[in-house]
>>> print(open('entry-v9.csv').read())   # CSV, C-alpha atoms
chain,number,residue,atom,x,y,z
S,26,GLN,CA,0.0,0.0,0.0
S,27,ASN,CA,1.3,3.4,-1.0
S,28,ILE,CA,-0.3,6.6,0.2
S,29,MET,CA,0.3,10.1,-1.3
S,30,TYR,CA,-0.9,13.0,0.8
S,31,TYR,CA,-1.6,16.5,-0.6
S,32,ASP,CA,-2.7,19.7,1.1
S,33,PHE,CA,-3.3,22.5,-1.3
S,34,GLY,CA,-5.6,25.0,0.5
S,35,LEU,CA,-7.8,25.4,-2.6
S,36,ILE,CA,-10.9,23.8,-4.0
S,37,LEU,CA,-10.5,20.9,-6.4
S,38,ASP,CA,-13.2,19.6,-8.8
S,39,LYS,CA,-14.0,17.0,-11.4
S,40,PHE,CA,-11.9,18.8,-14.0
S,41,MET,CA,-8.8,17.9,-12.1
S,42,ALA,CA,-10.0,14.3,-11.8
S,43,ALA,CA,-10.5,14.1,-15.5
S,44,TYR,CA,-7.0,15.6,-16.1
S,45,LEU,CA,-5.5,12.8,-13.9
S,46,TYR,CA,-7.5,10.0,-15.4
S,47,SER,CA,-5.2,9.5,-18.4
S,48,ILE,CA,-2.6,8.2,-15.9
S,49,PHE,CA,-4.9,5.4,-14.8
S,50,GLN,CA,-5.8,4.6,-18.4
S,51,GLU,CA,-2.2,4.0,-19.2
S,52,GLN,CA,-2.0,1.6,-16.3
S,53,GLU,CA,-5.2,-0.2,-17.6
S,54,MET,CA,-7.1,0.7,-14.4
S,55,THR,CA,-10.9,1.0,-14.6
S,56,GLU,CA,-12.5,4.0,-12.8
S,57,ASN,CA,-15.6,3.9,-10.6
S,58,VAL,CA,-16.8,7.3,-9.3
S,59,HIS,CA,-18.8,7.2,-6.1
S,60,ASP,CA,-21.4,9.5,-4.6
S,61,SER,CA,-19.7,11.4,-1.8
S,62,GLU,CA,-22.9,13.2,-0.8
S,63,GLY,CA,-21.4,16.6,-1.4
S,64,HIS,CA,-18.0,15.9,0.3
S,65,GLY,CA,-15.8,16.4,-2.6
S,66,TYR,CA,-14.8,13.8,-5.3
S,67,LEU,CA,-14.3,10.1,-4.6
S,68,ALA,CA,-13.2,7.5,-7.2
S,69,THR,CA,-11.7,4.0,-7.1
S,70,PHE,CA,-9.6,2.4,-9.7
S,71,VAL,CA,-9.1,-1.4,-10.3
S,72,GLY,CA,-6.3,-2.9,-12.3
S,73,LYS,CA,-6.0,-6.3,-14.0
S,74,ASN,CA,-2.9,-7.0,-11.9
S,75,GLY,CA,-4.8,-6.7,-8.7
S,76,ARG,CA,-4.0,-3.1,-8.0
S,77,PHE,CA,-6.6,-1.1,-6.3
S,78,ALA,CA,-6.5,2.7,-5.8
S,79,ILE,CA,-8.6,5.3,-4.0
S,80,LEU,CA,-8.5,8.9,-5.1
S,81,ARG,CA,-10.3,11.4,-2.8
S,82,MET,CA,-10.5,15.2,-3.3
S,83,HIS,CA,-11.9,17.1,-0.4
S,84,SER,CA,-13.6,20.5,-0.9
S,85,HIS,CA,-11.2,22.1,1.6
S,86,GLY,CA,-8.2,21.3,-0.6
S,87,LEU,CA,-6.9,18.0,0.7
S,88,VAL,CA,-6.2,15.2,-1.8
S,89,THR,CA,-5.4,11.7,-0.8
S,90,PHE,CA,-4.3,8.8,-3.0
S,91,ASP,CA,-4.1,5.3,-1.6
S,92,LEU,CA,-2.6,2.6,-3.9
S,93,GLN,CA,-2.8,-1.1,-2.8
S,94,CYS,CA,-0.7,-3.7,-4.6
S,95,LEU,CA,-0.2,-7.4,-4.2
S,96,GLU,CA,3.1,-9.0,-3.3
S,97,GLY,CA,5.2,-9.5,-6.4
S,98,ASP,CA,3.8,-6.5,-8.3
S,99,ASP,CA,6.2,-4.6,-10.5
S,100,VAL,CA,7.8,-2.1,-8.2
S,101,VAL,CA,9.1,0.0,-11.1
S,102,GLN,CA,5.6,0.3,-12.6
S,103,VAL,CA,4.2,1.3,-9.2
S,104,ASP,CA,6.8,4.0,-8.7
S,105,ASN,CA,6.2,5.2,-12.3
S,106,LEU,CA,2.4,5.6,-11.5
S,107,LEU,CA,3.1,7.5,-8.4
S,108,ASN,CA,5.7,9.7,-10.0
S,109,ALA,CA,3.4,10.5,-12.9
S,110,LEU,CA,0.5,11.4,-10.6
S,111,GLU,CA,2.7,13.7,-8.6
S,112,LYS,CA,4.2,15.3,-11.7
S,113,LYS,CA,0.7,16.0,-13.2
S,114,LEU,CA,-0.5,17.5,-9.9
S,115,LYS,CA,2.4,19.8,-9.7
S,116,ALA,CA,1.9,20.9,-13.3
S,117,LEU,CA,-1.8,21.4,-12.9
S,118,LEU,CA,-1.5,23.5,-9.7
S,119,ASP,CA,1.5,25.5,-10.9
S,120,GLY,CA,3.2,26.0,-7.6
S,121,ASN,CA,0.1,26.3,-5.4
S,122,ILE,CA,0.8,23.1,-3.5
S,123,GLN,CA,1.4,23.8,0.1
S,124,ARG,CA,2.6,20.4,1.1
S,125,ILE,CA,3.2,17.0,-0.5
S,126,LYS,CA,4.1,13.8,1.2
S,127,ARG,CA,4.6,10.3,-0.1
S,128,LEU,CA,4.5,7.7,2.7
S,129,PRO,CA,6.3,4.4,2.8
S,130,ALA,CA,4.4,1.2,1.8
S,131,LEU,CA,2.5,-0.6,4.6
S,132,ILE,CA,2.8,-4.4,4.3
S,133,ARG,CA,-0.4,-6.2,5.4
S,134,GLY,CA,-1.0,-9.9,5.9
S,135,SER,CA,2.6,-11.0,5.9
S,136,ASP,CA,3.8,-13.9,8.0
S,137,VAL,CA,5.7,-11.5,10.3
S,138,ASP,CA,3.8,-8.6,11.9
S,139,ARG,CA,6.0,-5.6,12.0
S,140,TYR,CA,3.6,-3.0,13.2
S,141,TRP,CA,3.1,-2.4,16.9
S,142,PRO,CA,1.6,0.7,18.6
S,143,THR,CA,3.3,2.8,21.2
S,144,ALA,CA,1.7,3.4,24.6
S,145,ASP,CA,0.3,6.8,23.4
S,146,GLY,CA,-1.2,5.3,20.3
S,147,ARG,CA,1.4,6.0,17.5
S,148,LEU,CA,2.0,3.2,15.0
S,149,MET,CA,5.6,2.0,14.7
S,150,GLU,CA,7.1,-0.2,12.1
S,151,TYR,CA,9.8,-2.5,13.4
S,152,ASP,CA,12.5,-4.3,11.4
S,153,ILE,CA,11.1,-7.6,12.5
S,154,ASP,CA,12.2,-10.5,10.3
S,155,GLU,CA,11.3,-13.7,12.3
S,156,VAL,CA,8.7,-15.1,14.7
S,157,VAL,CA,11.0,-16.8,17.2
S,158,TYR,CA,8.3,-18.1,19.6
S,159,GLU,CA,4.6,-17.8,20.1
S,160,LYS,CA,2.3,-19.4,22.7
S,161,ASP,CA,-0.7,-18.8,24.8
S,162,SER,CA,0.1,-19.5,28.5
S,163,ALA,CA,-2.5,-19.8,31.2
S,164,TYR,CA,-2.2,-16.1,31.8
S,165,GLN,CA,-1.3,-14.3,28.6
S,166,ASN,CA,-0.3,-14.5,24.9
S,167,ILE,CA,3.5,-14.6,24.6
S,168,LYS,CA,5.4,-13.7,21.4
S,169,ILE,CA,9.1,-13.4,20.9
S,170,LEU,CA,10.0,-11.7,17.6
S,171,HIS,CA,13.4,-10.9,16.2
S,172,SER,CA,14.4,-7.4,15.3
S,173,ARG,CA,17.5,-6.6,13.3
S,174,GLN,CA,18.1,-3.6,15.5
S,175,PHE,CA,16.8,-4.6,18.9
S,176,GLY,CA,17.4,-8.4,19.0
S,177,ASN,CA,14.7,-10.7,20.3
S,178,MET,CA,11.7,-8.8,21.5
S,179,LEU,CA,9.2,-10.1,24.1
S,180,ILE,CA,5.6,-9.1,23.4
S,181,LEU,CA,2.9,-9.9,25.9
S,182,ASN,CA,-0.8,-9.5,24.9
S,183,GLY,CA,0.2,-7.3,22.0
S,184,ASP,CA,2.4,-4.9,24.1
S,185,VAL,CA,6.1,-4.6,23.5
S,186,ASN,CA,7.5,-5.7,26.8
S,187,LEU,CA,11.3,-5.8,26.5
S,188,ALA,CA,14.0,-6.4,23.9
S,189,GLU,CA,17.5,-7.6,24.2
S,190,SER,CA,18.6,-4.1,23.5
S,191,ASP,CA,16.8,-2.6,26.5
S,192,LEU,CA,19.3,-2.7,29.3
S,193,PRO,CA,18.4,1.0,30.0
S,194,TYR,CA,15.0,-0.2,31.1
S,195,THR,CA,16.4,-2.8,33.5
S,196,GLN,CA,18.9,-0.3,34.9
S,197,ALA,CA,16.2,2.4,35.5
S,198,ILE,CA,13.8,0.0,37.3
S,199,MET,CA,16.7,-0.9,39.6
S,200,GLY,CA,17.6,2.6,40.5
S,201,SER,CA,20.0,3.6,37.7
S,202,GLY,CA,23.1,2.5,39.5
S,203,LYS,CA,22.6,4.7,42.5
S,204,GLU,CA,21.7,1.9,45.0
S,205,HIS,CA,23.9,-0.5,46.9
S,206,TYR,CA,22.5,-4.0,46.7
S,207,ALA,CA,25.4,-5.8,48.3
S,208,GLY,CA,24.2,-7.8,51.4
S,209,LYS,CA,20.6,-6.6,50.9
S,210,GLU,CA,17.4,-8.6,50.5
S,211,VAL,CA,15.5,-8.0,47.3
S,212,LEU,CA,12.0,-8.9,46.1
S,213,ILE,CA,11.3,-8.9,42.4
S,214,LEU,CA,7.6,-9.0,41.2
S,215,GLY,CA,7.3,-10.2,37.7
S,216,GLY,CA,10.3,-9.7,35.4
S,217,GLY,CA,9.8,-13.0,33.5
S,218,ASP,CA,12.4,-11.9,30.9
S,219,GLY,CA,15.0,-12.4,33.6
S,220,GLY,CA,16.8,-9.1,33.0
S,221,ILE,CA,16.4,-7.7,36.5
S,222,LEU,CA,17.4,-10.9,38.2
S,223,HIS,CA,20.4,-11.2,35.8
S,224,GLU,CA,21.7,-7.7,36.7
S,225,ALA,CA,20.8,-8.0,40.4
S,226,VAL,CA,22.8,-11.1,41.1
S,227,LYS,CA,26.0,-9.3,39.8
S,228,LEU,CA,25.6,-6.8,42.7
S,229,LYS,CA,26.1,-9.5,45.4
S,230,PRO,CA,22.9,-9.2,47.4
S,231,LYS,CA,22.2,-11.4,50.4
S,232,MET,CA,19.1,-12.9,48.8
S,233,ILE,CA,16.7,-12.3,45.9
S,234,THR,CA,13.2,-13.6,45.9
S,235,MET,CA,11.5,-13.5,42.5
S,236,LEU,CA,7.7,-14.0,42.0
S,237,VAL,CA,6.8,-14.8,38.4
S,238,ILE,CA,4.0,-16.6,36.5
S,239,ASP,CA,5.8,-16.9,33.1
S,240,GLY,CA,9.5,-16.9,32.2
S,241,CYS,CA,11.5,-17.0,29.0
S,242,ARG,CA,14.8,-18.5,29.6
S,243,LYS,CA,15.5,-19.9,26.1
S,244,HIS,CA,15.0,-17.0,23.7
S,245,MET,CA,16.1,-14.0,25.7
S,246,ARG,CA,19.6,-15.2,26.7
S,247,LYS,CA,21.2,-11.8,26.0
S,248,THR,CA,18.9,-10.4,28.6
S,249,CYS,CA,18.7,-13.1,31.2
S,250,GLY,CA,21.9,-15.0,30.8
S,251,ASN,CA,21.6,-18.4,32.6
S,252,VAL,CA,19.8,-17.2,35.8
S,253,LEU,CA,16.4,-18.7,34.7
S,254,ASP,CA,17.9,-22.1,34.0
S,255,ASN,CA,17.4,-23.1,37.7
S,256,LEU,CA,14.8,-21.9,40.2
S,257,LYS,CA,17.5,-21.6,42.8
S,258,GLY,CA,20.9,-20.1,42.8
S,259,ASP,CA,23.6,-19.0,45.3
S,260,CYS,CA,21.7,-15.8,46.1
S,261,TYR,CA,18.3,-16.2,44.6
S,262,GLU,CA,15.1,-18.2,44.5
S,263,ILE,CA,12.4,-18.1,41.9
S,264,LEU,CA,8.8,-18.8,43.0
S,265,VAL,CA,6.4,-19.5,40.1
S,266,GLN,CA,3.4,-18.2,41.8
S,267,ASP,CA,0.8,-15.4,41.8
S,268,CYS,CA,2.4,-12.6,43.7
S,269,VAL,CA,-0.7,-11.4,45.6
S,270,PRO,CA,-1.1,-14.4,48.0
S,271,VAL,CA,2.6,-14.6,48.5
S,272,LEU,CA,2.9,-10.9,49.4
S,273,LYS,CA,0.0,-11.3,51.8
S,274,LYS,CA,1.8,-14.3,53.4
S,275,PHE,CA,5.1,-12.3,53.6
S,276,ALA,CA,3.3,-9.4,55.3
S,277,GLU,CA,1.6,-11.8,57.8
S,278,GLN,CA,5.0,-13.5,58.6
S,279,GLY,CA,6.7,-10.1,59.0
S,280,ARG,CA,9.2,-10.8,56.3
S,281,MET,CA,10.9,-7.6,55.1
S,282,PHE,CA,13.0,-6.6,52.1
S,283,ASP,CA,15.4,-3.7,51.5
S,284,TYR,CA,14.2,-3.4,47.9
S,285,VAL,CA,11.0,-4.3,46.1
S,286,ILE,CA,11.1,-4.1,42.3
S,287,ASN,CA,7.7,-4.3,40.6
S,288,ASP,CA,7.9,-5.3,37.0
S,289,LEU,CA,4.4,-6.6,36.7
S,290,THR,CA,2.6,-4.0,34.6
S,291,ALA,CA,2.8,-0.5,33.5
S,292,VAL,CA,0.4,2.2,34.7
S,293,PRO,CA,-2.8,1.9,32.6
S,294,ILE,CA,-2.9,4.2,29.6
S,295,SER,CA,-6.5,5.3,30.5
S,296,THR,CA,-8.3,6.6,33.6
S,297,ALA,CA,-11.6,5.5,32.2
S,298,PRO,CA,-13.9,3.3,34.4
S,299,GLU,CA,-13.2,0.2,32.4
S,300,GLU,CA,-9.6,0.3,33.7
S,301,ASP,CA,-10.7,0.4,37.3
S,302,SER,CA,-9.7,-3.2,38.0
S,303,THR,CA,-6.1,-2.5,36.8
S,304,TRP,CA,-5.9,0.6,39.0
S,305,GLU,CA,-7.2,-1.4,41.9
S,306,PHE,CA,-4.6,-4.1,41.2
S,307,LEU,CA,-1.8,-1.5,41.2
S,308,ARG,CA,-3.1,0.0,44.5
S,309,LEU,CA,-3.2,-3.5,46.1
S,310,ILE,CA,0.4,-4.4,44.9
S,311,LEU,CA,1.6,-1.0,46.2
S,312,ASP,CA,0.0,-1.4,49.6
S,313,LEU,CA,1.3,-5.0,50.0
S,314,SER,CA,4.8,-4.1,48.8
S,315,ILE,CA,5.1,-1.1,51.2
S,316,ARG,CA,4.1,-3.4,54.1
S,317,VAL,CA,7.0,-5.8,53.4
S,318,LEU,CA,9.5,-2.9,52.8
S,319,ARG,CA,12.0,-2.2,55.6
S,320,PRO,CA,12.3,1.3,57.0
S,321,GLY,CA,14.7,3.1,54.6
S,322,GLY,CA,13.9,0.6,51.9
S,323,LYS,CA,12.9,1.5,48.3
S,324,TYR,CA,10.2,0.4,45.9
S,325,PHE,CA,11.0,0.6,42.2
S,326,THR,CA,8.5,0.4,39.3
S,327,GLN,CA,7.8,1.6,35.8
S,328,GLY,CA,5.2,4.2,35.0
S,329,ASN,CA,4.4,4.6,31.4
S,330,CYS,CA,5.1,6.8,28.3
S,331,VAL,CA,6.0,10.3,29.3
S,332,ASN,CA,3.2,11.6,27.0
S,333,LEU,CA,0.5,10.0,29.1
S,334,THR,CA,0.3,12.8,31.5
S,335,ASP,CA,-3.2,12.1,32.8
S,336,ALA,CA,-2.5,8.5,33.6
S,337,LEU,CA,0.8,9.3,35.3
S,338,SER,CA,-0.9,12.1,37.3
S,339,GLU,CA,-3.6,9.6,38.4
S,340,TYR,CA,-0.9,7.2,39.6
S,341,GLU,CA,0.8,9.9,41.6
S,342,LYS,CA,-2.5,10.7,43.2
S,343,LEU,CA,-2.9,7.0,44.0
S,344,LEU,CA,0.4,7.1,45.9
S,345,CYS,CA,-1.2,9.7,48.2
S,346,ARG,CA,-4.0,7.3,49.1
S,347,LEU,CA,-2.0,4.3,50.3
S,348,SER,CA,-2.4,2.9,53.8
S,349,CYS,CA,1.1,4.2,54.6
S,350,LYS,CA,2.4,7.6,53.7
S,351,VAL,CA,5.1,7.6,51.0
S,352,ASP,CA,7.2,9.9,49.0
S,353,PHE,CA,8.5,9.4,45.5
S,354,SER,CA,10.8,10.6,42.8
S,355,LYS,CA,10.7,9.8,39.1
S,356,GLU,CA,13.1,9.5,36.2
S,357,VAL,CA,12.6,9.6,32.4
S,358,VAL,CA,14.6,7.1,30.3
S,359,CYS,CA,14.7,6.3,26.6
S,360,VAL,CA,14.0,2.6,26.2
S,361,PRO,CA,15.4,1.6,22.7
S,362,SER,CA,12.7,-0.8,21.5
S,363,TYR,CA,9.8,1.3,22.9
S,364,MET,CA,10.9,4.2,20.7
S,365,GLU,CA,9.4,6.6,23.3
S,366,LEU,CA,10.5,8.1,26.6
S,367,TRP,CA,9.4,6.0,29.7
S,368,VAL,CA,8.8,7.1,33.3
S,369,PHE,CA,10.2,5.2,36.2
S,370,TYR,CA,9.3,5.7,39.9
S,371,THR,CA,11.2,5.3,43.1
S,372,ILE,CA,9.0,5.2,46.2
S,373,TRP,CA,9.8,5.1,49.9
S,374,LYS,CA,8.1,5.4,53.3
S,375,LYS,CA,7.9,8.8,54.9
>>> encode(input="entry-v9.csv", output="structure tokens")
Amino acid sequence: QNIMYYDFGLILDKFMAAYLYSIFQEQEMTENVHDSEGHGYLATFVGKNGRFAILRMHSHGLVTFDLQCLEGDDVVQVDNLLNALEKKLKALLDGNIQRIKRLPALIRGSDVDRYWPTADGRLMEYDIDEVVYEKDSAYQNIKILHSRQFGNMLILNGDVNLAESDLPYTQAIMGSGKEHYAGKEVLILGGGDGGILHEAVKLKPKMITMLVIDGCRKHMRKTCGNVLDNLKGDCYEILVQDCVPVLKKFAEQGRMFDYVINDLTAVPISTAPEEDSTWEFLRLILDLSIRVLRPGGKYFTQGNCVNLTDALSEYEKLLCRLSCKVDFSKEVVCVPSYMELWVFYTIWKK
């Protein structure tokens, strides 16, 4: 699919459409004009080779041309068609074009899905060339796709979670190198990619307890190393369990940690009522985590995209409604595979 976008700031009519029609005749494309009910001019063109085009001229001066082609179509012919259309438009309008933009082709229906949205709703095309792994677990859909830039990428329920390139994410959610983990007790919630655990064991903590429901030890080796090969190591233990009942049990037992790192979920992108259950889950995890945090300890978590100001503001309001008074700081970090700036929080008891 190729899209050409024009913004002229002037009124276009059927004369212009007739002037352009010769281009489609040369490509053996049949025209079908549609009733736009007074909203400019709308025509579709169908070619024998499977090409399908939509030409729309709006009364306020915007012209869009959308060309869809099948795999294996003659790329040179397609470029010639677009170039000829652009040339005729420029000649017809004689310098009155305010802006012209030809967008790259979108590839639909391929074996490898390369298009994934950012948290704030922008569509990104990744250089993904292979589906490494895909499976529905008892809890979520898991995909691992290979990107030429970012390495293997973990995608959970359609959200880009972490790629092998994303050490800045792991560093940020651990305090960006400002903390001293040696001899400390650490609790990790989630983090099934193994990146946090892999980095944390290097810092010689006394003990790391990790609560996780799914892990990917085989296809994210650059992120996790070999720490997910065994459920126990010299300074860590992995519990494959739902974190909520375990946190409640730790709180009842009086078990305490110097650091709690929550890598379960980002702050919801919306404050709408349908997201209430997710907000309630965040509040529950926060309350339980603060209960098992030692005085002077710190709780680390991700927020969301820096552009989601309403959602981040709502999260900060939630911090003021916990059962225990807390204070917080935040840091903005560029996570490579997200292709957007991401907010991370450090929280501690007052």
>>> residues_around(input="entry-v9.csv", residues="region 356-372 of chain S", least_positions_apart="4", cutoff="10 Å", atoms="all atoms listed in the file", output="PyMOL selection string")
chain S and resi 141-145+147+149+151+172+174-176+178+184-201+285-286+291-292+311+315+322-333+337+341+344+351-352
>>> atom_distance(input="entry-v9.csv", atom1="CA of Arg242 (chain S)", atom2="CA of Leu256 (chain S)")
11.1 Å
>>> atom_distance(input="entry-v9.csv", atom1="CA of Ala130 (chain S)", atom2="CA of Val156 (chain S)")
21.2 Å
>>> atom_distance(input="entry-v9.csv", atom1="CA of Asp288 (chain S)", atom2="CA of Lys168 (chain S)")
17.9 Å
>>> closest_residue(input="entry-v9.csv", among="S:Asn255, S:Cys260, S:Tyr66, S:Leu214", to="Met232 (chain S)", atoms="only C-alpha atoms")
S:Cys260
>>> closest_residue(input="entry-v9.csv", among="S:Ala43, S:Gly72, S:His64, S:Leu343", to="Leu117 (chain S)", atoms="all atoms listed in the file")
S:Ala43
>>> closest_residue(input="entry-v9.csv", among="S:Leu313, S:Asp154, S:Gln52, S:Gly217", to="Ile180 (chain S)", atoms="all atoms listed in the file")
S:Gly217
>>> residues_around(input="entry-v9.csv", residues="Ile169 (chain S)", least_positions_apart="4", cutoff="9 Å", atoms="only C-alpha atoms", output="list in words")
Glu155, Val156, Val157, Tyr158, Glu159, Asn177, Met178, Leu179, Ile180, Leu181, His244 and Met245 of chain S
>>> closest_residue(input="entry-v9.csv", among="S:Val226, S:Leu110, S:Val265, S:Leu272", to="Gly250 (chain S)", atoms="only C-alpha atoms")
S:Val226
>>> closest_residue(input="entry-v9.csv", among="S:Leu87, S:Leu118, S:Cys241, S:Val317", to="Glu277 (chain S)", atoms="only C-alpha atoms")
S:Val317
>>> closest_residue(input="entry-v9.csv", among="S:Leu131, S:Asn166, S:Tyr44, S:Glu305", to="Leu148 (chain S)", atoms="all atoms listed in the file")
S:Leu131
>>> residues_around(input="entry-v9.csv", residues="Ala336 (chain S)", least_positions_apart="4", cutoff="7 Å", atoms="all atoms listed in the file", output="MDAnalysis selection string")
chainID S and resid 293:296 340
>>> write_last_selection(input="entry-v9.csv", atoms="C-alpha atoms", output="compact mmCIF listing (two decimals), keeping the file's coordinate frame")
# COMPACT_ATOMS: atom_id res chain seq x y z
CA PRO S 293 -2.80 1.90 32.60
CA ILE S 294 -2.90 4.20 29.60
CA SER S 295 -6.50 5.30 30.50
CA THR S 296 -8.30 6.60 33.60
CA TYR S 340 -0.90 7.20 39.60
>>> axis_aligned_box(input="entry-v9.csv", around="region 139-143 of chain S", padding_each_side="3 Å", output="lines of an AutoDock Vina configuration file")
center_x = 3.8
center_y = -1.4
center_z = 16.6
size_x = 10.4
size_y = 14.4
size_z = 15.2
>>> residues_around(input="entry-v9.csv", residues="Leu264 (chain S)", least_positions_apart="2", cutoff="10 Å", atoms="all atoms listed in the file", output="number ranges by chain")
S: 234-238, 256-257, 261-262, 266-268, 271
